[in-house]
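To be precise, the following lines are final.txt, and they hold compact mmCIF, C-alpha atoms.
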```txt
# COMPACT_ATOMS: atom_id res chain seq x y z
CA MET F 28 50.85 26.05 20.48
CA LYS F 29 48.05 26.76 18.01
CA GLY F 30 44.53 26.15 19.37
CA ARG F 31 45.54 26.53 23.05
CA PRO F 32 45.31 29.77 25.09
CA PRO F 33 48.81 31.15 25.95
CA GLY F 34 50.07 30.96 29.56
CA LYS F 35 51.03 33.95 31.71
CA SER F 36 54.78 33.56 30.87
CA GLY F 37 54.23 32.77 27.20
CA PRO F 38 55.37 34.82 24.21
CA PRO F 39 53.80 38.21 23.63
CA ALA F 40 50.65 38.48 21.61
CA ARG F 41 50.87 39.62 18.02
CA GLY F 42 50.97 43.43 17.79
CA GLY F 43 52.15 43.91 21.42
CA ASN F 44 55.33 45.85 22.39
CA PRO F 45 57.43 44.10 25.03
CA LYS F 46 59.41 47.26 25.74
CA ASP F 47 56.50 49.49 26.85
CA GLY F 48 55.85 47.38 29.94
CA ARG F 49 52.26 46.64 29.06
CA LYS F 50 50.96 43.08 29.21
CA PRO F 51 50.03 41.65 25.89
CA ALA F 52 46.29 41.14 25.25
CA ALA F 53 45.06 37.61 25.57
CA ARG F 54 44.55 35.89 22.25
CA GLY F 55 40.97 35.71 21.17
CA LYS F 56 39.81 38.81 23.15
CA PRO F 57 39.14 42.09 21.30
CA THR F 58 41.44 44.97 22.33
CA ARG F 59 40.40 48.59 22.59
CA ALA F 60 42.02 51.09 20.24
CA ARG F 61 43.42 54.11 22.08
CA THR F 62 44.26 57.66 20.98
CA ARG F 63 47.64 59.33 21.47
CA ASP F 64 46.33 62.02 23.88
CA GLY F 65 44.71 59.95 26.58
CA ASP F 66 43.55 56.45 27.23
CA LYS F 67 39.90 56.90 26.13
CA PRO F 68 38.79 54.46 23.53
CA ALA F 69 38.08 55.84 20.10
CA PHE F 70 35.20 53.35 19.61
CA LYS F 71 33.59 50.35 21.20
CA PRO F 72 33.57 47.28 18.96
CA ARG F 73 30.16 45.62 18.78
CA ALA F 74 30.04 42.01 19.84
CA PRO F 75 28.43 39.65 17.32
CA ALA F 76 24.73 39.03 17.94
CA ALA F 77 25.25 35.34 18.62
CA ALA F 78 28.02 35.97 21.11
CA LYS F 79 26.04 38.74 22.80
CA SER F 80 22.97 36.59 23.26
CA GLY F 81 25.12 33.69 24.44
CA ALA F 82 26.79 35.88 27.01
CA ALA F 83 23.44 37.18 28.16
CA ARG F 84 22.13 33.67 28.62
CA SER F 85 25.22 32.56 30.55
CA ALA F 86 25.05 35.61 32.78
CA ALA F 87 21.32 35.25 33.57
CA PRO F 88 20.47 33.05 36.56
CA LYS F 89 18.84 29.75 35.59
CA PRO F 90 15.59 28.88 37.36
CA ALA F 91 15.37 25.52 39.07
CA VAL F 92 12.17 24.57 37.21
CA ALA F 93 10.58 26.30 34.24
CA THR F 94 6.83 26.69 34.31
CA LYS F 95 6.56 27.17 30.56
CA PRO F 96 7.88 24.89 27.80
CA ASN F 97 11.46 25.77 26.89
CA VAL F 98 10.98 25.63 23.14
CA ALA F 99 13.12 26.67 20.23
CA LYS F 100 10.21 26.97 17.84
CA PRO F 101 6.84 25.22 17.88
CA ASN F 102 5.79 23.09 14.96
CA PRO F 103 2.31 24.36 14.06
CA ALA F 104 1.65 21.44 11.76
CA ARG F 105 1.72 18.97 14.66
CA GLY F 106 1.02 21.15 17.67
CA VAL F 107 4.05 19.88 19.64
CA SER F 108 7.56 21.20 20.09
CA LEU F 109 10.82 19.43 19.44
CA ASP F 110 12.44 20.34 22.81
CA VAL F 111 11.98 19.05 26.36
CA ARG F 112 9.14 20.87 28.09
CA GLN F 113 8.08 21.11 31.71
CA TYR F 114 4.59 21.85 32.96
CA ARG F 115 3.25 22.52 36.44
CA VAL F 116 0.04 20.73 37.39
CA ALA F 117 -2.79 23.20 37.89
CA ALA F 118 -5.53 22.99 40.51
CA ASP F 119 -8.08 21.86 37.91
CA ASP F 120 -5.95 18.80 37.15
CA ASP F 121 -5.41 17.69 40.74
CA GLY F 122 -6.00 13.95 41.13
CA ILE F 123 -6.44 13.02 37.47
CA ARG F 124 -4.47 10.33 35.65
CA LEU F 125 -1.38 11.35 33.73
CA ASP F 126 -2.75 10.08 30.41
CA ARG F 127 -5.89 12.16 31.00
CA TRP F 128 -3.68 15.21 31.52
CA PHE F 129 -2.15 14.63 28.08
CA GLN F 130 -5.63 14.37 26.54
CA ARG F 131 -6.51 17.75 28.03
CA HIS F 132 -3.35 19.73 27.36
CA LEU F 133 -1.43 17.90 24.61
CA PRO F 134 -4.10 16.12 22.56
CA ASP F 135 -1.72 15.67 19.62
CA VAL F 136 0.43 13.35 21.74
CA GLY F 137 -1.20 9.93 21.46
CA PHE F 138 -1.46 7.29 24.18
CA ASN F 139 1.00 4.98 22.43
CA LEU F 140 3.67 7.68 22.46
CA VAL F 141 3.03 8.48 26.14
CA SER F 142 3.37 4.76 26.95
CA ARG F 143 6.65 4.54 25.06
CA TRP F 144 8.03 7.58 26.90
CA SER F 145 7.05 5.92 30.18
CA ARG F 146 8.73 2.60 29.28
CA THR F 147 11.99 4.32 28.29
CA GLY F 148 12.05 6.54 31.39
CA GLN F 149 11.68 9.81 29.49
CA LEU F 150 8.36 10.72 31.10
CA ARG F 151 8.86 12.03 34.64
CA VAL F 152 6.85 13.72 37.40
CA ASP F 153 8.90 15.70 39.93
CA GLY F 154 12.00 13.98 38.57
CA ALA F 155 10.70 10.43 39.11
CA ARG F 156 9.67 8.01 36.38
CA ALA F 157 5.94 7.99 35.77
CA ALA F 158 3.35 5.73 34.15
CA PRO F 159 0.28 6.81 32.13
CA GLY F 160 -2.04 5.57 34.89
CA ASP F 161 -0.36 7.48 37.73
CA ARG F 162 -2.40 10.13 39.54
CA ILE F 163 -0.91 13.62 39.59
CA SER F 164 -1.29 16.39 42.18
CA GLU F 165 -1.43 20.16 42.03
CA GLY F 166 2.00 21.77 41.91
CA GLN F 167 3.88 18.76 40.57
CA MET F 168 6.15 19.22 37.53
CA ILE F 169 5.66 17.06 34.46
CA ARG F 170 8.65 16.56 32.19
CA VAL F 171 7.57 16.00 28.58
CA PRO F 172 10.32 14.72 26.27
CA PRO F 173 10.74 15.87 22.67
CA ALA F 174 8.25 14.46 20.23
CA GLU F 175 9.54 12.60 17.20
CA GLN F 176 9.43 14.80 14.15
CA LYS F 177 7.43 13.17 11.40
CA PRO F 178 8.44 13.65 7.80
CA ASP F 179 6.29 16.01 5.82
CA ALA F 180 3.84 14.49 3.38
CA ALA F 181 5.91 15.86 0.51
CA ASP F 182 9.04 14.12 1.85
CA ARG F 183 7.43 10.72 2.33
CA PRO F 184 7.93 8.39 -0.61
CA LYS F 185 4.65 7.63 -2.33
CA ARG F 186 3.58 4.03 -2.33
CA VAL F 187 3.46 2.69 -5.84
CA ARG F 188 0.88 -0.06 -6.32
CA VAL F 189 1.83 -2.69 -8.85
CA VAL F 190 -1.19 -3.78 -10.88
CA ASP F 191 -0.54 -7.41 -11.77
CA LEU F 192 -3.29 -7.65 -14.37
CA THR F 193 -3.25 -7.99 -18.12
CA PRO F 194 -4.74 -5.23 -20.30
CA ASP F 195 -7.62 -7.58 -21.14
CA GLU F 196 -8.38 -8.16 -17.43
CA ILE F 197 -8.30 -4.42 -16.74
CA SER F 198 -10.65 -3.74 -19.64
CA TYR F 199 -12.93 -6.59 -18.55
CA ALA F 200 -13.19 -5.22 -15.00
CA GLN F 201 -13.78 -1.62 -16.05
CA ASP F 202 -16.50 -2.66 -18.50
CA MET F 203 -18.50 -4.02 -15.55
CA VAL F 204 -18.75 -0.56 -13.90
CA ILE F 205 -22.24 0.97 -14.06
CA HIS F 206 -21.73 3.69 -11.42
CA ARG F 207 -18.73 5.52 -9.96
CA ASP F 208 -18.30 8.49 -7.62
CA ALA F 209 -15.79 9.56 -4.97
CA GLN F 210 -17.10 7.04 -2.41
CA ALA F 211 -18.71 4.15 -4.29
CA ILE F 212 -18.53 1.94 -7.35
CA VAL F 213 -21.32 -0.36 -8.54
CA ILE F 214 -20.51 -3.13 -11.00
CA ASN F 215 -22.76 -5.50 -12.92
CA LYS F 216 -21.19 -8.85 -12.06
CA PRO F 217 -21.60 -11.50 -14.75
CA PRO F 218 -22.72 -15.04 -13.86
CA GLY F 219 -19.88 -17.51 -13.33
CA LEU F 220 -17.52 -14.98 -11.72
CA ALA F 221 -17.03 -15.47 -7.98
CA THR F 222 -16.95 -12.49 -5.63
CA GLN F 223 -13.96 -13.79 -3.66
CA GLY F 224 -11.37 -16.49 -4.20
CA GLY F 225 -11.35 -19.92 -2.61
CA THR F 226 -10.48 -23.53 -3.26
CA LYS F 227 -10.05 -24.01 -7.02
CA THR F 228 -11.32 -20.45 -7.59
CA ASP F 229 -8.68 -18.33 -9.31
CA GLU F 230 -10.89 -15.84 -11.15
CA HIS F 231 -12.92 -13.54 -8.92
CA VAL F 232 -13.93 -9.91 -8.40
CA ASP F 233 -11.48 -9.40 -5.52
CA LYS F 234 -8.59 -10.17 -7.86
CA LEU F 235 -9.77 -7.54 -10.35
CA LEU F 236 -10.18 -4.67 -7.86
CA ASP F 237 -6.76 -3.19 -8.74
CA ALA F 238 -8.20 -2.44 -12.18
CA LEU F 239 -10.81 -0.19 -10.52
CA LEU F 240 -8.40 2.24 -8.82
CA PHE F 241 -9.08 5.02 -11.33
CA ASP F 242 -8.04 8.28 -9.58
CA ALA F 243 -7.97 6.83 -6.02
CA GLU F 244 -4.89 5.85 -4.03
CA SER F 245 -6.28 2.57 -2.68
CA ARG F 246 -8.22 -0.25 -4.29
CA PRO F 247 -11.99 -0.51 -3.71
CA LYS F 248 -13.29 -2.71 -0.89
CA LEU F 249 -15.98 -5.40 -1.00
CA VAL F 250 -18.88 -4.66 1.37
CA HIS F 251 -21.21 -7.54 0.42
CA ARG F 252 -21.15 -10.47 -1.96
CA LEU F 253 -23.08 -12.36 -4.61
CA ASP F 254 -22.99 -16.09 -5.31
CA LYS F 255 -20.77 -17.17 -8.17
CA ASP F 256 -23.70 -18.03 -10.47
CA THR F 257 -25.77 -14.99 -9.44
CA SER F 258 -25.38 -11.94 -11.65
CA GLY F 259 -26.12 -8.28 -11.05
CA ALA F 260 -25.41 -5.17 -8.98
CA LEU F 261 -22.46 -5.41 -6.58
CA LEU F 262 -21.50 -2.41 -4.43
CA LEU F 263 -17.84 -1.50 -3.75
CA ALA F 264 -16.52 1.14 -1.32
CA ARG F 265 -13.71 3.43 -2.51
CA THR F 266 -12.65 4.69 0.94
CA SER F 267 -12.44 3.29 4.47
CA ARG F 268 -15.12 5.76 5.59
CA ALA F 269 -17.47 4.57 2.85
CA ALA F 270 -16.76 0.90 3.69
CA ALA F 271 -17.74 1.46 7.33
CA HIS F 272 -20.86 3.38 6.27
CA PHE F 273 -22.04 0.71 3.81
CA ALA F 274 -21.25 -2.14 6.21
CA LYS F 275 -23.47 -0.48 8.82
CA ALA F 276 -26.24 -0.03 6.23
CA PHE F 277 -26.21 -3.75 5.39
CA SER F 278 -26.03 -4.87 9.03
CA SER F 279 -28.90 -2.56 10.05
CA ARG F 280 -30.98 -3.63 7.01
CA THR F 281 -31.40 -0.10 5.67
CA ALA F 282 -29.84 -1.11 2.36
CA ARG F 283 -32.40 -2.58 -0.05
CA LYS F 284 -31.63 -5.26 -2.63
CA VAL F 285 -34.08 -6.40 -5.31
CA TYR F 286 -33.54 -9.62 -7.28
CA TRP F 287 -35.22 -11.01 -10.36
CA ALA F 288 -35.66 -14.77 -10.65
CA LEU F 289 -37.29 -17.28 -12.95
CA VAL F 290 -38.83 -20.06 -10.85
CA MET F 291 -40.40 -23.41 -11.60
CA GLY F 292 -44.20 -23.37 -11.41
CA VAL F 293 -46.33 -20.51 -10.07
CA PRO F 294 -46.76 -19.66 -6.35
CA SER F 295 -50.40 -19.76 -5.24
CA ILE F 296 -49.94 -16.48 -3.34
CA GLU F 297 -48.75 -13.66 -5.57
CA ASP F 298 -47.23 -11.51 -2.80
CA GLY F 299 -45.84 -13.52 0.10
CA MET F 300 -43.29 -13.55 2.91
CA ILE F 301 -41.16 -16.63 3.60
CA GLU F 302 -39.93 -16.94 7.19
CA LEU F 303 -37.86 -20.09 7.56
CA PRO F 304 -34.66 -20.41 9.65
CA ILE F 305 -31.54 -21.52 7.74
CA ALA F 306 -28.46 -23.46 8.88
CA LYS F 307 -25.52 -25.23 7.28
CA GLN F 308 -26.41 -28.70 6.11
CA PRO F 309 -24.34 -31.32 7.94
CA GLY F 310 -21.95 -33.35 5.82
CA THR F 311 -21.51 -30.69 3.13
CA GLY F 312 -18.63 -28.77 4.71
CA GLY F 313 -20.73 -25.62 4.82
CA GLU F 314 -21.16 -25.60 1.04
CA LYS F 315 -24.90 -26.18 1.26
CA MET F 316 -27.62 -24.71 3.46
CA HIS F 317 -31.02 -26.07 4.49
CA VAL F 318 -34.09 -25.13 6.49
CA ASP F 319 -33.55 -26.00 10.16
CA GLU F 320 -36.41 -25.10 12.50
CA GLU F 321 -34.41 -25.98 15.65
CA GLU F 322 -30.86 -24.67 15.10
CA GLY F 323 -31.22 -22.40 12.08
CA LEU F 324 -30.80 -18.63 12.11
CA PRO F 325 -33.87 -16.48 11.37
CA ALA F 326 -34.29 -15.67 7.68
CA ARG F 327 -37.00 -13.65 5.91
CA SER F 328 -37.56 -13.27 2.18
CA ARG F 329 -40.35 -11.56 0.30
CA TYR F 330 -41.48 -12.52 -3.19
CA ARG F 331 -43.85 -10.89 -5.66
CA VAL F 332 -45.02 -12.53 -8.87
CA ILE F 333 -44.35 -10.22 -11.81
CA GLU F 334 -45.75 -12.43 -14.59
CA ARG F 335 -46.53 -16.09 -15.22
CA ALA F 336 -46.08 -18.42 -18.19
CA GLY F 337 -49.16 -20.57 -17.68
CA ASN F 338 -48.38 -23.07 -14.93
CA ARG F 339 -44.93 -23.79 -16.29
CA ALA F 340 -42.86 -20.98 -14.76
CA ALA F 341 -43.12 -17.58 -13.14
CA TRP F 342 -41.01 -14.44 -13.23
CA VAL F 343 -40.73 -13.16 -9.65
CA GLU F 344 -39.18 -10.32 -7.71
CA LEU F 345 -37.31 -11.28 -4.53
CA GLN F 346 -36.27 -9.09 -1.59
CA PRO F 347 -34.08 -10.55 1.18
CA TYR F 348 -34.80 -8.98 4.57
CA THR F 349 -31.92 -10.90 6.15
CA GLY F 350 -28.55 -11.86 4.69
CA ARG F 351 -28.11 -15.61 5.11
CA THR F 352 -25.97 -17.64 2.72
CA HIS F 353 -27.98 -18.85 -0.32
CA GLN F 354 -31.11 -17.51 1.39
CA LEU F 355 -33.27 -16.84 -1.67
CA ARG F 356 -32.33 -20.12 -3.31
CA VAL F 357 -33.10 -22.15 -0.16
CA HIS F 358 -36.40 -20.36 0.50
CA MET F 359 -37.79 -20.71 -3.03
CA ALA F 360 -36.87 -24.40 -3.13
CA ALA F 361 -38.47 -24.88 0.32
CA ILE F 362 -41.87 -23.62 -0.90
CA GLY F 363 -41.72 -25.87 -3.96
CA HIS F 364 -40.63 -23.31 -6.56
CA PRO F 365 -36.86 -23.63 -7.05
CA ILE F 366 -35.01 -21.11 -9.19
CA VAL F 367 -34.58 -22.27 -12.78
CA GLY F 368 -31.05 -23.63 -13.26
CA ASP F 369 -30.36 -24.10 -9.53
CA GLY F 370 -29.57 -27.82 -9.48
CA LYS F 371 -27.92 -27.51 -6.06
CA TYR F 372 -31.22 -26.84 -4.29
CA GLY F 373 -33.80 -27.82 -6.89
CA GLY F 374 -32.22 -30.99 -8.25
CA LYS F 375 -33.27 -32.24 -11.67
CA ASP F 376 -36.66 -30.53 -11.28
CA ALA F 377 -35.02 -27.09 -11.53
CA PHE F 378 -34.60 -27.12 -15.32
CA LEU F 379 -36.96 -26.22 -18.13
CA SER F 380 -36.95 -28.13 -21.38
CA GLY F 381 -36.61 -26.61 -24.81
CA THR F 382 -34.42 -23.58 -25.53
CA ILE F 383 -34.32 -22.28 -21.94
CA SER F 384 -30.74 -22.01 -20.68
CA ARG F 385 -29.56 -24.38 -17.96
CA LYS F 386 -27.68 -21.53 -16.22
CA MET F 387 -29.11 -20.19 -12.97
CA HIS F 388 -31.73 -17.47 -13.44
CA LEU F 389 -31.08 -15.25 -10.39
CA HIS F 390 -30.08 -11.63 -10.95
CA ALA F 391 -29.45 -8.74 -8.51
CA ARG F 392 -31.53 -6.21 -10.40
CA ARG F 393 -31.33 -3.20 -8.07
CA ILE F 394 -29.42 -1.90 -5.06
CA ARG F 395 -30.42 1.15 -3.02
CA VAL F 396 -28.34 2.43 -0.11
CA ASP F 397 -27.74 5.78 1.59
CA HIS F 398 -24.59 7.55 0.34
CA PRO F 399 -21.91 8.59 2.89
CA ASP F 400 -21.98 12.16 1.55
CA GLY F 401 -25.77 12.43 1.48
CA GLY F 402 -28.40 11.26 -0.95
CA ARG F 403 -28.53 7.67 -2.19
CA VAL F 404 -26.85 5.20 -4.46
CA ASP F 405 -29.72 3.68 -6.43
CA MET F 406 -28.68 1.56 -9.41
CA THR F 407 -30.21 -1.12 -11.61
CA ALA F 408 -28.19 -3.72 -13.51
CA GLN F 409 -29.11 -5.07 -16.93
CA LEU F 410 -29.90 -8.77 -17.30
CA PRO F 411 -27.27 -11.19 -18.60
CA THR F 412 -27.87 -12.56 -22.06
CA HIS F 413 -29.15 -16.01 -21.05
CA PHE F 414 -31.72 -14.55 -18.59
CA ALA F 415 -33.00 -11.97 -21.08
CA ASN F 416 -33.34 -14.65 -23.78
CA SER F 417 -35.32 -16.92 -21.43
CA LEU F 418 -37.80 -14.14 -20.58
CA HIS F 419 -38.22 -13.46 -24.28
CA GLU F 420 -38.75 -17.15 -25.09
CA LEU F 421 -41.46 -17.38 -22.41
CA GLY F 422 -43.21 -14.25 -23.69
CA PHE F 423 -42.67 -12.02 -20.64
CA ASP F 424 -42.91 -8.23 -20.93
CA LEU F 425 -39.72 -6.60 -19.55
CA ALA F 426 -41.60 -3.34 -18.96
CA LEU F 427 -43.46 -5.00 -16.06
CA GLY F 428 -40.34 -5.93 -14.11
CA ASP F 429 -39.37 -2.85 -12.09
CA MET F 430 -41.99 -2.71 -9.36
CA PRO F 431 -41.82 0.08 -6.74
CA LEU F 432 -40.64 -0.69 -3.24
CA ASP F 433 -43.18 -0.30 -0.46
CA ASP F 434 -41.76 3.06 0.68
CA GLU F 435 -41.91 4.32 -2.91
CA ILE F 436 -45.63 3.76 -3.30
CA ASP F 437 -47.68 6.94 -2.97
CA ARG F 438 -50.08 6.31 -0.12
CA THR F 439 -51.90 9.65 -0.49
CA PRO F 440 -55.65 8.88 -0.73
CA THR F 441 -57.22 9.71 -4.09
CA ARG F 442 -60.68 11.24 -4.53
CA GLU F 443 -62.08 7.82 -5.30
CA ASP F 444 -60.48 6.39 -2.14
CA GLU F 445 -62.10 9.14 -0.08
CA LYS F 446 -65.53 8.43 -1.58
CA LYS F 447 -65.11 4.73 -0.94
CA ALA F 448 -64.12 5.38 2.68
CA ALA F 449 -67.13 7.71 3.13
CA ARG F 450 -69.52 5.09 1.77
CA GLN F 451 -68.05 2.46 4.06
CA HIS F 452 -68.37 4.78 7.06
CA ALA F 453 -72.01 5.58 6.19
CA LYS F 454 -72.78 1.89 5.87
CA GLN F 455 -71.30 1.14 9.28
CA TYR F 456 -73.21 4.09 10.76
CA ARG F 457 -76.57 2.91 9.35
CA LYS F 458 -75.90 -0.61 10.61
CA GLY F 459 -75.24 0.76 14.10
CA ARG F 460 -78.43 2.86 14.11
CA LYS F 461 -80.44 -0.14 12.96
CA GLY F 462 -79.09 -2.19 15.83
CA GLU F 463 -80.03 0.56 18.29
CA ARG F 464 -83.65 0.65 17.03
CA ARG F 465 -83.95 -3.11 17.38
CA ALA F 466 -82.66 -2.91 20.94
CA ARG F 467 -85.20 -0.22 21.87
CA GLY F 468 -88.06 -2.25 20.32
CA SER F 469 -87.17 -5.35 22.29
CA THR F 470 -87.04 -3.26 25.49
CA ARG F 471 -90.62 -1.94 24.93
CA LYS F 472 -91.99 -5.45 24.35
CA GLY F 473 -90.41 -6.62 27.57
```
Structure translated into structure tokens:
Amino acid sequence: MKGRPPGKSGPPARGGNPKDGRKPAARGKPTRARTRDGDKPAFKPRAPAAAKSGAARSAAPKPAVATKPNVAKPNPARGVSLDVRQYRVAADDDGIRLDRWFQRHLPDVGFNLVSRWSRTGQLRVDGARAAPGDRISEGQMIRVPPAEQKPDAADRPKRVRVVDLTPDEISYAQDMVIHRDAQAIVINKPPGLATQGGTKTDEHVDKLLDALLFDAESRPKLVHRLDKDTSGALLLARTSRAAAHFAKAFSSRTARKVYWALVMGVPSIEDGMIELPIAKQPGTGGEKMHVDEEEGLPARSRYRVIERAGNRAAWVELQPYTGRTHQLRVHMAAIGHPIVGDGKYGGKDAFLSGTISRKMHLHARRIRVDHPDGGRVDMTAQLPTHFANSLHELGFDLALGDMPLDDEIDRTPTREDEKKAARQHAKQYRKGRKGERRARGSTRKG
């Protein structure tokens, strides 16, 4: 029958001669060709390479336990093989946990994979099931199952992001960009546009972030926020690494933000620090903050008067040293100089008569933060139309607005400063000598 080896009493093999008394060759085995004068073979047929190697493997004695991984071919891209491997515990690893052994010798195999192998019984030590927290001893054998082969990056289907925005929304979002690099984007947010969505808030920056993909694979990430009616510089992170870097900069207060504001009246101190704790005002659902000396969180804001319009209003620079909700608005109202247009905290006294806009006059003028790749992101945002018109109506000079930060002021003493210090030192020295002479005179009289 075809496909089965013939029995001893079966029909002769093809090519055999039943009359010569020789047994027919078994089917499937190569026969040796013989010459007429003698039984010496004329040639030895070569066995195929695959059969030869297979025969060699079957003939070789198999060891009970292999001390090296029995691999077909390692995968250099992942550092692990696709076959079962066995390792003997060395003296240096005596007493350590099994998961620690993987960290030392197979760092590409993560803890989650080791745990899964343990749960499914594939991970074994000396033939017994093992857990990641088990202690191992010198000489034990660790059986490591095959690692799952991950698809190459070229084989993985690329995720296609659907941008559900109209061409006008895309254009609107991209027109706000004032800075872009591989790690960061800075936009000039207009007043009236919220940073994030909420109750009855459908239009916001977060919704428009898909329009700012540009050449990146993922949408930018918000790392801080501005109030809906506050305009100005808003920083976005383009990568997860940049988002973590910027978040740390804001939490550690190394990022600097400078605001411009138009306030009612003129502060009596031109350069002052406001330190008043802030808490949520009860009964407002967290929508409004207030100064609370007992339960409020610490909050510090600095202000500097840039220019004044008589006693009617002042143009000020504000720097928040903490990041409380509505901090600048609450602080300026608390010292009696609410921001123009901020009816929430200034009430009806927060509006100027005449042609001055009733919109809020608070603008994030500048942001400065260390860049993840070195250097700094340092950007200024132009004023919105209503704010610029109000400064013009009140006769303010825009050239006076950008004041240097404290660490940007050159503290190197000038020649005049040195002369002044020398005169002051000489004056103090003469005063001291005069006091000594008086003391000696009083001693003689005594």
Just how far from CA of Ser267 in chain F is CA of Leu140 in chain F, in Å to one decimal? 24.5 Å
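We find CA of His231 in chain F and CA of Gln346 in chain F to be spaced 24.9 Å apart.
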Work out how far apart CA of Ser164 in chain F and CA of Trp128 in chain F are and give it in Å to one decimal.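 Those two atoms sit 11.0 Å apart.
Nearest to Ala408 in chain F of all the residues F:Lys307, F:Lys375, F:Arg151, F:Lys216 is F:Lys216, counting all atoms listed in the file.
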Contact check, range 233-291 of chain F to range 391-407 of chain F, at most 12 Å, counting all atoms listed in the file, closest pairs as a Markdown table:
```
| residue | atom | partner | partner_atom | distance |
| --- | --- | --- | --- | --- |
| F:Val250 | CA | F:Val396 | CA | 11.9 |
| F:His251 | CA | F:Ile394 | CA | 11.4 |
| F:Arg252 | CA | F:Ala391 | CA | 10.7 |
| F:Leu253 | CA | F:Ala391 | CA | 8.3 |
| F:Asp254 | CA | F:Ala391 | CA | 10.3 |
| F:Asp256 | CA | F:Ala391 | CA | 11.1 |
| F:Thr257 | CA | F:Ala391 | CA | 7.3 |
| F:Ser258 | CA | F:Ala391 | CA | 6.1 |
| F:Gly259 | CA | F:Ala391 | CA | 4.2 |
| F:Ala260 | CA | F:Ala391 | CA | 5.4 |
| F:Leu261 | CA | F:Ile394 | CA | 7.9 |
| F:Leu262 | CA | F:Ile394 | CA | 8.0 |
| F:Leu263 | CA | F:Val404 | CA | 11.3 |
| F:Ala264 | CA | F:Pro399 | CA | 10.1 |
| F:Arg265 | CA | F:Pro399 | CA | 11.1 |
| F:Thr266 | CA | F:Pro399 | CA | 10.2 |
| F:Ser267 | CA | F:Pro399 | CA | 11.0 |
| F:Arg268 | CA | F:Pro399 | CA | 7.8 |
| F:Ala269 | CA | F:Pro399 | CA | 6.0 |
| F:Ala270 | CA | F:Pro399 | CA | 9.3 |
| F:Ala271 | CA | F:Pro399 | CA | 9.4 |
| F:His272 | CA | F:Pro399 | CA | 6.3 |
| F:Phe273 | CA | F:Val396 | CA | 7.6 |
| F:Ala274 | CA | F:Val396 | CA | 10.5 |
| F:Lys275 | CA | F:Asp397 | CA | 10.5 |
| F:Ala276 | CA | F:Val396 | CA | 7.1 |
| F:Phe277 | CA | F:Val396 | CA | 8.5 |
| F:Ser278 | CA | F:Val396 | CA | 11.9 |
| F:Ser279 | CA | F:Val396 | CA | 11.3 |
| F:Arg280 | CA | F:Val396 | CA | 9.7 |
| F:Thr281 | CA | F:Val396 | CA | 7.0 |
| F:Ala282 | CA | F:Val396 | CA | 4.6 |
| F:Arg283 | CA | F:Arg395 | CA | 5.2 |
| F:Lys284 | CA | F:Ile394 | CA | 4.7 |
| F:Val285 | CA | F:Arg393 | CA | 5.0 |
| F:Tyr286 | CA | F:Ala391 | CA | 4.4 |
| F:Trp287 | CA | F:Arg392 | CA | 6.1 |
| F:Ala288 | CA | F:Ala391 | CA | 8.9 |
```
Restricted to C-alpha atoms, what would the selected residues look like written as a short mmCIF file (atom, residue, chain, number, x, y, z; two decimals), in the coordinates of the input?
```
data_model
loop_
_atom_site.label_atom_id
_atom_site.label_comp_id
_atom_site.auth_asym_id
_atom_site.auth_seq_id
_atom_site.Cartn_x
_atom_site.Cartn_y
_atom_site.Cartn_z
CA VAL F 250 -18.88 -4.66 1.37
CA HIS F 251 -21.21 -7.54 0.42
CA ARG F 252 -21.15 -10.47 -1.96
CA LEU F 253 -23.08 -12.36 -4.61
CA ASP F 254 -22.99 -16.09 -5.31
CA ASP F 256 -23.70 -18.03 -10.47
CA THR F 257 -25.77 -14.99 -9.44
CA SER F 258 -25.38 -11.94 -11.65
CA GLY F 259 -26.12 -8.28 -11.05
CA ALA F 260 -25.41 -5.17 -8.98
CA LEU F 261 -22.46 -5.41 -6.58
CA LEU F 262 -21.50 -2.41 -4.43
CA LEU F 263 -17.84 -1.50 -3.75
CA ALA F 264 -16.52 1.14 -1.32
CA ARG F 265 -13.71 3.43 -2.51
CA THR F 266 -12.65 4.69 0.94
CA SER F 267 -12.44 3.29 4.47
CA ARG F 268 -15.12 5.76 5.59
CA ALA F 269 -17.47 4.57 2.85
CA ALA F 270 -16.76 0.90 3.69
CA ALA F 271 -17.74 1.46 7.33
CA HIS F 272 -20.86 3.38 6.27
CA PHE F 273 -22.04 0.71 3.81
CA ALA F 274 -21.25 -2.14 6.21
CA LYS F 275 -23.47 -0.48 8.82
CA ALA F 276 -26.24 -0.03 6.23
CA PHE F 277 -26.21 -3.75 5.39
CA SER F 278 -26.03 -4.87 9.03
CA SER F 279 -28.90 -2.56 10.05
CA ARG F 280 -30.98 -3.63 7.01
CA THR F 281 -31.40 -0.10 5.67
CA ALA F 282 -29.84 -1.11 2.36
CA ARG F 283 -32.40 -2.58 -0.05
CA LYS F 284 -31.63 -5.26 -2.63
CA VAL F 285 -34.08 -6.40 -5.31
CA TYR F 286 -33.54 -9.62 -7.28
CA TRP F 287 -35.22 -11.01 -10.36
CA ALA F 288 -35.66 -14.77 -10.65
#
```
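Taking only C-alpha atoms into account, Pro172 in chain F lies nearest to F:Arg112 out of the set F:Arg112, F:Lys255, F:Lys227, F:Arg131.
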